[in-house]
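Report on the structure given below.
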Amino acid sequence: MSAPFRVELLVFAGLRQRLGRPSLALELPAGCTVAQLRALVERTHPELGPLTHCRLAVDHEFVDDATRIPAGAELALIPPVSGGHDGAASHLSEAPLELARVVAAVEHE
């Protein structure tokens, strides 16, 4: 039977803000799946909230919950990207971007 192993789980966007740091050091049991990792993080770091909406990447590839995590893998927990459209028209231009104009176009309460 294989021994437990340590991993670093990178977190991004709102998860990073809630955690207050860019990563978590975790010890995983041999044969740990993504679903088990997700449950462990939810249990040990409730400030992150439910993680069912997040995707997990193993070595830069999105994987499903049944995937087993290999020792030494690079792990990243990525929340959905939000944004949206408030009804304003999109604008395409060949002119260089002007930061103040772009910020003014998307800025709102």
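By convention in this document, the chains of the structure tokens carry letters A, B, ... by their order, each chain's residues are numbered from 1, and ligands are numbered from 1 in the order they are shown.
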
Could the residues of region 7-30 of chain A that have an atom at most 12 Å from region 49-65 of chain A be listed as CSV, each with its closest atom pair and the distance in Å to one decimal, counting only C-alpha atoms and ordered by chain and ascending residue number?
residue,atom,partner,partner_atom,distance
A:Val7,CA,A:Val58,CA,11.1
A:Glu8,CA,A:Val58,CA,11.2
A:Leu9,CA,A:Leu56,CA,9.4
A:Leu10,CA,A:Ala57,CA,9.6
A:Val11,CA,A:Leu56,CA,9.7
A:Phe12,CA,A:Cys54,CA,10.2
A:Ala13,CA,A:Cys54,CA,11.1
A:Gly14,CA,A:Gly49,CA,10.7
A:Leu15,CA,A:Gly49,CA,8.8
A:Arg18,CA,A:Gly49,CA,9.2
A:Leu19,CA,A:Gly49,CA,10.4

Q: Extract the full set of alpha helix (DSSP H) residues from chain A according to DSSP on the backbone, and format it as an NGL selection string.
A: :A and (13-19 or 34-44 or 99-106)

**Q.** Separation of CA of Gln17 (chain A) from CA of Leu40 (chain A), in Å and rounded to one decimal
**A.**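 CA of Gln17 (chain A) sits 19.3 Å away from CA of Leu40 (chain A).
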
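Using only C-alpha atoms, the residues found no farther than 8 Å from Ala66 (chain A), other than those of its own chain fewer than 5 positions away, are A:Thr33, A:Val34, A:Ala35.
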
Selection from above, N, CA and C atoms, as a PDB file, in the first residue's frame, can you write it?
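New file part.pdb:
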ATOM      1  N   THR A  33      -9.014  10.673  -4.719  1.00  0.00           N
ATOM      2  CA  THR A  33      -9.675  11.182  -5.921  1.00  0.00           C
ATOM      3  C   THR A  33      -9.934  12.684  -5.768  1.00  0.00           C
ATOM      4  N   VAL A  34     -10.284  13.306  -6.867  1.00  0.00           N
ATOM      5  CA  VAL A  34     -10.636  14.723  -6.852  1.00  0.00           C
ATOM      6  C   VAL A  34     -11.832  14.954  -5.934  1.00  0.00           C
ATOM      7  N   ALA A  35     -12.822  14.065  -5.964  1.00  0.00           N
ATOM      8  CA  ALA A  35     -13.982  14.211  -5.081  1.00  0.00           C
ATOM      9  C   ALA A  35     -13.558  14.175  -3.618  1.00  0.00           C
TER      10      ALA A  35
END

Q.
Measuring between only C-alpha atoms, which one of A:Ala71, A:Glu47, A:Ser2, A:Val102 shows the shortest distance to Leu26 (chain A)?
A.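 Among the listed residues, A:Ala71 lies closest to Leu26 (chain A).
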
Q: Skip Pro29 (chain A) itself and residues of its chain fewer than 5 positions away, then list as a ChimeraX atom specification all residues within 10 Å of it, counting only C-alpha atoms.
A: /A:2-6,36-37,69,71

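If only C-alpha atoms are the atoms counted, then among A:Leu99, A:Leu48, A:Ile78, A:Ala39 the closest residue to Gly20 (chain A) is A:Leu48.
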
Q. Just asking: which residues within region 7-109 of chain A are strand (DSSP E) according to DSSP, as JSON, numbers by chain?
A. {"A": [7, 8, 9, 10, 11, 23, 24, 25, 26, 27, 28, 55, 56, 57, 58, 61, 62, 63, 75, 76, 77, 78]}

Save the residues we just selected, N, CA, C and O atoms, as a short mmCIF file (atom, residue, chain, number, x, y, z; two decimals), in the first residue's frame?
data_model
loop_
_atom_site.label_atom_id
_atom_site.label_comp_id
_atom_site.auth_asym_id
_atom_site.auth_seq_id
_atom_site.Cartn_x
_atom_site.Cartn_y
_atom_site.Cartn_z
N VAL A 7 0.67 17.64 -0.99
CA VAL A 7 0.48 18.42 -2.22
C VAL A 7 0.26 19.88 -1.85
O VAL A 7 -0.10 20.20 -0.72
N GLU A 8 0.47 20.72 -2.83
CA GLU A 8 0.12 22.13 -2.69
C GLU A 8 -1.02 22.38 -3.66
O GLU A 8 -0.92 22.07 -4.85
N LEU A 9 -2.11 22.91 -3.14
CA LEU A 9 -3.29 23.21 -3.94
C LEU A 9 -3.34 24.71 -4.15
O LEU A 9 -3.52 25.48 -3.19
N LEU A 10 -3.17 25.14 -5.39
CA LEU A 10 -3.26 26.56 -5.73
C LEU A 10 -4.73 26.96 -5.79
O LEU A 10 -5.55 26.18 -6.31
N VAL A 11 -5.06 28.13 -5.28
CA VAL A 11 -6.43 28.64 -5.34
C VAL A 11 -6.42 30.01 -6.03
O VAL A 11 -5.45 30.75 -5.92
N SER A 23 -2.33 29.44 -1.70
CA SER A 23 -2.32 27.98 -1.79
C SER A 23 -2.55 27.34 -0.43
O SER A 23 -2.46 27.99 0.61
N LEU A 24 -2.83 26.05 -0.48
CA LEU A 24 -2.99 25.21 0.71
C LEU A 24 -2.03 24.04 0.62
O LEU A 24 -1.90 23.43 -0.44
N ALA A 25 -1.38 23.71 1.71
CA ALA A 25 -0.58 22.49 1.79
C ALA A 25 -1.48 21.43 2.41
O ALA A 25 -2.07 21.64 3.47
N LEU A 26 -1.60 20.29 1.74
CA LEU A 26 -2.49 19.22 2.21
C LEU A 26 -1.77 17.89 2.19
O LEU A 26 -0.89 17.66 1.36
N GLU A 27 -2.17 17.00 3.08
CA GLU A 27 -1.69 15.62 3.03
C GLU A 27 -2.85 14.78 2.54
O GLU A 27 -3.95 14.80 3.11
N LEU A 28 -2.61 14.03 1.48
CA LEU A 28 -3.65 13.21 0.86
C LEU A 28 -3.31 11.74 1.02
O LEU A 28 -2.14 11.35 0.95
N ARG A 55 -13.69 23.97 -10.61
CA ARG A 55 -13.02 22.92 -11.38
C ARG A 55 -11.65 22.69 -10.78
O ARG A 55 -11.04 23.60 -10.24
N LEU A 56 -11.16 21.46 -10.90
CA LEU A 56 -9.83 21.15 -10.43
C LEU A 56 -8.97 20.77 -11.63
O LEU A 56 -9.40 19.99 -12.48
N ALA A 57 -7.79 21.36 -11.67
CA ALA A 57 -6.83 21.02 -12.71
C ALA A 57 -5.69 20.25 -12.06
O ALA A 57 -5.20 20.61 -11.00
N VAL A 58 -5.30 19.18 -12.72
CA VAL A 58 -4.15 18.37 -12.30
C VAL A 58 -3.14 18.47 -13.44
O VAL A 58 -3.44 18.10 -14.57
N GLU A 61 -4.47 20.30 -16.55
CA GLU A 61 -5.59 19.70 -17.28
C GLU A 61 -6.79 19.61 -16.35
O GLU A 61 -6.67 19.09 -15.23
N PHE A 62 -7.95 20.10 -16.80
CA PHE A 62 -9.16 19.93 -16.00
C PHE A 62 -9.50 18.45 -15.94
O PHE A 62 -9.38 17.73 -16.93
N VAL A 63 -9.92 17.99 -14.75
CA VAL A 63 -10.23 16.58 -14.54
C VAL A 63 -11.58 16.45 -13.86
O VAL A 63 -12.10 17.41 -13.29
N LEU A 75 -1.65 20.98 -8.55
CA LEU A 75 -3.10 21.05 -8.41
C LEU A 75 -3.56 22.51 -8.37
O LEU A 75 -2.92 23.34 -7.72
N ALA A 76 -4.66 22.79 -9.01
CA ALA A 76 -5.23 24.14 -8.98
C ALA A 76 -6.75 24.04 -8.88
O ALA A 76 -7.38 23.30 -9.63
N LEU A 77 -7.31 24.80 -7.94
CA LEU A 77 -8.75 24.87 -7.74
C LEU A 77 -9.21 26.19 -8.34
O LEU A 77 -8.79 27.26 -7.91
N ILE A 78 -10.08 26.11 -9.34
CA ILE A 78 -10.43 27.29 -10.11
C ILE A 78 -11.94 27.51 -10.07
O ILE A 78 -12.72 26.69 -10.55
#
